[in-house]
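Read through the structure below, which is laid out as structure tokens, and then see the notes.
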Amino acid sequence: MKKTILLLLIIQITQAEKLQTETKDLDSIETKASKEANLETILNKDNISAKESTKYLINSTTDIHKIIPSLRIYPQGSDTFPMVSFRGISSPDYYSSVLGVYIDGIPQAPNFLIQNLSDIQSINIIPGSLGILYGENAPLGIIDIKTKNPMQENYLFSEISFSRLQEKINFNIGNELIKNKLWGKANIQYIHDNGYIRHPTNNKLLNSADSFIVGGSLYAQILDSTILVTHYDYQLLNSHKDFYLTHKQAINLKLESDKLASWSDFQNGDQDKILNINPYNYAQTHNASIKLDHTFKNFDFNFITAIQNATSLANEYPGIYVRDEHSQGYYYNTTQLISEARLEGYHHNFKSTFGVFYKYLLLDNGMNGVDTSSLGYSGNWNAKERINSFAIFSALGYQKNNFGVDLGARYQFFYNHIESKTPPVAEISPYSNSKIFQAFNPFLLLSYNLKQSRIYLQTSSTTKPGGFAKFPFADTDTIPYLQESIYSTELGIQTYFAQKKGMIKIALYGIWRDNVQSYVGVGYYKSIKNIGGAYAYGLDANLNLKWNIFNIFLNTNLNTSGFNQGGKNIGNITILGQTGSYNLSGLTPKFAPIFSLNMGIDTTILKKEKHHLSLSLLLNTQSSYFLDDFNHQEELIQKAYATLDASINYDFLKHYQLIFYTQNLTNTRVLTTAIWDTQGRAYITNAPLNFGLRFIYHY
């Protein structure tokens with residue numbers, strides 16, 4: 001297999017030598033990028049380039065936190081239940097994130113926010129104000145990921161890597177097919193994770209994984225001012241890596257015996273048994289889209305239609321075992337159809353934006369053939385929710401000399417319908433329900449340009465829509481929870497120095513939430529409902545310095561966040577006849593460290609005409625934070641930590657790279673997910689020390 005891979009790589013390299021990189025003569029086509037809005041220029045907070053994503057090993061959306069200190073994307077039981085935290089604020093579940101993930105302008109389905117990255121051109125974090133002008137209107141903004149564009153130049157990127165924990169093959173190519181008329185690109189990636197948790201008796205690695213991505217796009221200039229882009233990709237994941245461990249096992253990464261824990265063993269806090277010998281997650285996703293861009297004299301028209309189908313079957317939870325991982329487990333399937341039309345106008349000092357957006361989302365959630373009798377619910381149940389969402393948005397920007405002002409607003413209509421023919425527990429009869437939500441969200445941005453600086457003030461209102469519990473475990477889950485309002489203000493400055501070789505960004509922000517959506521209850525008996533208010537205040541600071549042989553970035557976040565005192569943050573909830581009280585008054589939310597810092601250093605060791613040797617270091621450090629919103633016991637606190645990645649990069653003969661790299665050089669344990677019940681605690685941890693070799697050919 002490995003010999004075949006190497007042979008294919010050599011063939012691809014030989015063919016690639018025939019490609020000639022050239023800039024396309026596309027003066028007649030004015031793309032949106034050439035007329036970038038003042039708003040986008042100001043509020044693009046963080047940028048990760050293709051070179052940086054390679055150098056700093058940003059291979060998945062979960063790795064973006066290595067660059068962006070206030071951001072964390074992590075699995076909540078499995079990769080198909082992703083949770084996102086940004087600036088000390090997170091969602092209660094995977095259904096509606098505080099941040100949206102966009103790939104080439106296409107919003108990703110809620111169970112597909114964690115994904116491996118391929119063919120990356122850039123990654124930007126765009127905060128809430130500009131998020132209003134994107135189709136999905138994620139409350140705190142979007143993670144905007146752009147892939148490579150073959151219209152800009154022919155390219156080829158091929159990689160093969162071997163490491164202690166992983167093997168990877170990655171191949172991307174983009175080329176002009178018909179001169180000035182048709183361009184195409186394709187990418188393929190395969191990753192095998194070896195795992196690092198061994199069976200205590202037979203020494204077999206238990207938490208391995210395989211993932212596969214294949215995709216392609218065609219770019220056609222169908223008229224002088226019209227470009228049509230069609231895209232399709234397929235992604236497959238077969239993973240056993242989301243392995244729940246006891247605290248003792250998570251620290252030592254060792255299983256003491258081959259005894260399996262029951263659910264009652266987990267509840268009682270047994271530290272030596274295996275919580276689940278075979279955790280698994282099987283998921284596949286199809287993505288297809290069509291984009292049309294037409295340029296008039298003073299207007300750009302953009303139309304997007306995309307469909308995404310993501311299916312999964314998984315079983316990670318402690319004390320729950322199934323016989324067949326191909327047909328048994330819990331599933332969370334989504335089908336998402338979106339359409340968006342946008343018209344942007346440019347006239348003298350004005351820019352205008354007008355758009356409409358529609359989304360249909362089907363969520364099919366349930367279990368097949370799982371023995372959950374010890375938990376008190378059926379292992380065969382289902383619930384389907386259908387969401388129809390329509391939005392209309394507009395903005396007007398004015399730039400005169402050094403002063404700029406942008407005003408915008410968005411109206412959105414949501415219709416949610418849920419149906420559960422076989423609820424999880426006998427106490428709930430089959431039911432259906434529906435709810436309509438509406439939201440109006442304005443924003444304002446003021447900016448002023450100095451000689452080498454820009455100062456801005458932005459304020460906005462966004463809405464996190466309501467809905468229904470995706471796991472209707474109790475009567476309270478059949479009642480919809482209401483939408484949440486989020487208000488944010490940000491004051492920032494961006495300035496250049498040292499002849500624009502250095503850049504500093506500083507932003508002070510405040511975020512206030514009303515009618516917060518949260519899971520409340522005691523132990524296993526929790527339900528989602530609206531509670532009181534919450535807040536987050538903080539400072540983002542970014543420093544970039546680029547010299548000929550020395551580049552450094554320093555990104556830091558200072559943040560304080562919490563639930564408001566009293567009010568609806570204190571209450572009672574009854575689930576399956578058990579009444580419990582909750583009190584989040586004044587508590588700090590989960591994944592909200594006071595201090596975060598990321599630092600990257602890239603320095604040249606040797607530079608000759610055809611040879612370049614450099615060293616790259618990436619430091620990630622966080623102060624302590626809680627793993628749960630309202631259980632602040634010591635076992636559910638992630639203590640302060642630091643991780644360090646390093647690589648030695650050898651670029652030679654213009655097109656080749658050889659990289660020796662290490663990940664988590666400090667071999668630090670970071671608990672990325674925790675669940676708890678009674679005395680039981682279960683954790684998913686990050687990977688230990690890894691080191692390997694990458695060979696890259698690029699053209």
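Ligands are numbered from 1 in the order shown, residues from 1 within each chain, and chains are lettered A, B, ... in the order they appear in the structure tokens.
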
Exercise for the section: Check the DSSP output for the backbone and give back, as number ranges by chain, the residues of stretch 77-246 of chain A in alpha helix (DSSP H). Expected result: A: 128-131

Handout entry: Distance query A:Phe652 at most 8 Å, only C-alpha atoms, self and fewer than 2 positions along chain excluded, as a PyMOL selection string
Key = chain A and resi 610-612+650+654-657

Practice task
Between atom CA of A:Ser239 and atom CA of A:Ile528, measure the distance and give it in Å to one decimal.
Solution key: 28.7 Å

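Within the 6 Å cut-off around stretch 61-68 of chain A, using only C-alpha atoms and omitting residues fewer than 2 positions from it on the same chain, the listed residues are A:Ile58, A:Ser70, A:Leu71, A:Arg72, A:Ile73, A:Ile114, A:Gln115, A:Asn598, A:Asn620.
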
Write the residues of the preceding selection, restricted to N, CA and C atoms, as a CSV table (one decimal), in the first residue's frame.
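Printed below is result.csv as written:
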chain,number,residue,atom,x,y,z
A,58,ILE,N,-2.3,23.2,11.1
A,58,ILE,CA,-3.8,23.4,11.3
A,58,ILE,C,-4.5,22.5,10.3
A,70,SER,N,-9.2,32.8,21.9
A,70,SER,CA,-10.5,32.8,22.5
A,70,SER,C,-11.5,31.9,21.9
A,71,LEU,N,-11.0,31.0,21.0
A,71,LEU,CA,-11.9,30.1,20.3
A,71,LEU,C,-11.6,28.7,20.6
A,72,ARG,N,-12.6,27.9,20.8
A,72,ARG,CA,-12.4,26.4,21.0
A,72,ARG,C,-13.5,25.7,20.3
A,73,ILE,N,-13.2,24.7,19.5
A,73,ILE,CA,-14.2,23.8,18.9
A,73,ILE,C,-13.8,22.4,19.4
A,114,ILE,N,-17.0,20.2,13.0
A,114,ILE,CA,-15.7,19.6,13.2
A,114,ILE,C,-15.4,18.8,11.9
A,115,GLN,N,-14.4,19.2,11.2
A,115,GLN,CA,-14.0,18.5,9.9
A,115,GLN,C,-12.5,18.7,9.6
A,598,ASN,N,-1.5,32.6,22.5
A,598,ASN,CA,-0.9,31.8,21.4
A,598,ASN,C,0.3,32.6,20.9
A,620,ASN,N,0.8,27.4,22.9
A,620,ASN,CA,-0.6,27.6,23.3
A,620,ASN,C,-0.7,27.4,24.8

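Compared by their closest atoms to A:Asn572, and using only C-alpha atoms, the residues A:Ile531, A:Leu253, A:Met599, A:Ile552 rank with A:Ile531 nearest.
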
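If you measure from each of A:Tyr537, A:Tyr317, A:Phe162, A:Phe301 to A:Asn276 using only C-alpha atoms, the closest one turns out to be A:Tyr317.
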
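If you look at atom CA of A:Tyr431 and atom CA of A:Thr311, they are 24.1 Å away from each other.
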
Spatial neighbours of A:Ala592, max dist 10 Å, only C-alpha atoms, sep filter under 6 positions, as a PDB file with C-alpha atoms, in the first residue's frame:
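Okay, result.pdb is ready:
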ATOM      1  CA  SER A  70     -10.546  32.848  22.539  1.00  0.00           C
ATOM      2  CA  LEU A  71     -11.892  30.105  20.261  1.00  0.00           C
ATOM      3  CA  ARG A  72     -12.396  26.425  20.982  1.00  0.00           C
ATOM      4  CA  SER A  85     -16.863  28.404  22.656  1.00  0.00           C
ATOM      5  CA  PHE A  86     -15.819  31.931  21.676  1.00  0.00           C
ATOM      6  CA  ARG A  87     -14.871  34.789  23.984  1.00  0.00           C
ATOM      7  CA  GLY A  88     -16.133  32.843  26.992  1.00  0.00           C
ATOM      8  CA  ILE A  89     -19.550  32.056  25.490  1.00  0.00           C
ATOM      9  CA  SER A  90     -20.730  28.626  24.336  1.00  0.00           C
ATOM     10  CA  ALA A 536     -18.556  38.462  28.861  1.00  0.00           C
ATOM     11  CA  LEU A 558      -8.183  38.459  28.597  1.00  0.00           C
ATOM     12  CA  ASN A 559     -11.752  37.574  29.459  1.00  0.00           C
ATOM     13  CA  THR A 560     -14.177  37.582  32.353  1.00  0.00           C
ATOM     14  CA  SER A 561     -17.595  36.030  31.924  1.00  0.00           C
ATOM     15  CA  GLY A 562     -20.382  34.795  34.121  1.00  0.00           C
ATOM     16  CA  GLN A 622      -4.484  28.771  28.883  1.00  0.00           C
ATOM     17  CA  SER A 623      -5.345  29.610  32.454  1.00  0.00           C
ATOM     18  CA  SER A 624      -7.649  27.199  34.288  1.00  0.00           C
ATOM     19  CA  TYR A 625     -11.301  26.887  33.296  1.00  0.00           C
ATOM     20  CA  PHE A 626     -14.400  24.866  34.109  1.00  0.00           C
ATOM     21  CA  LEU A 627     -15.597  21.906  32.043  1.00  0.00           C
ATOM     22  CA  ASP A 629     -21.470  25.388  33.498  1.00  0.00           C
TER      23      ASP A 629
END
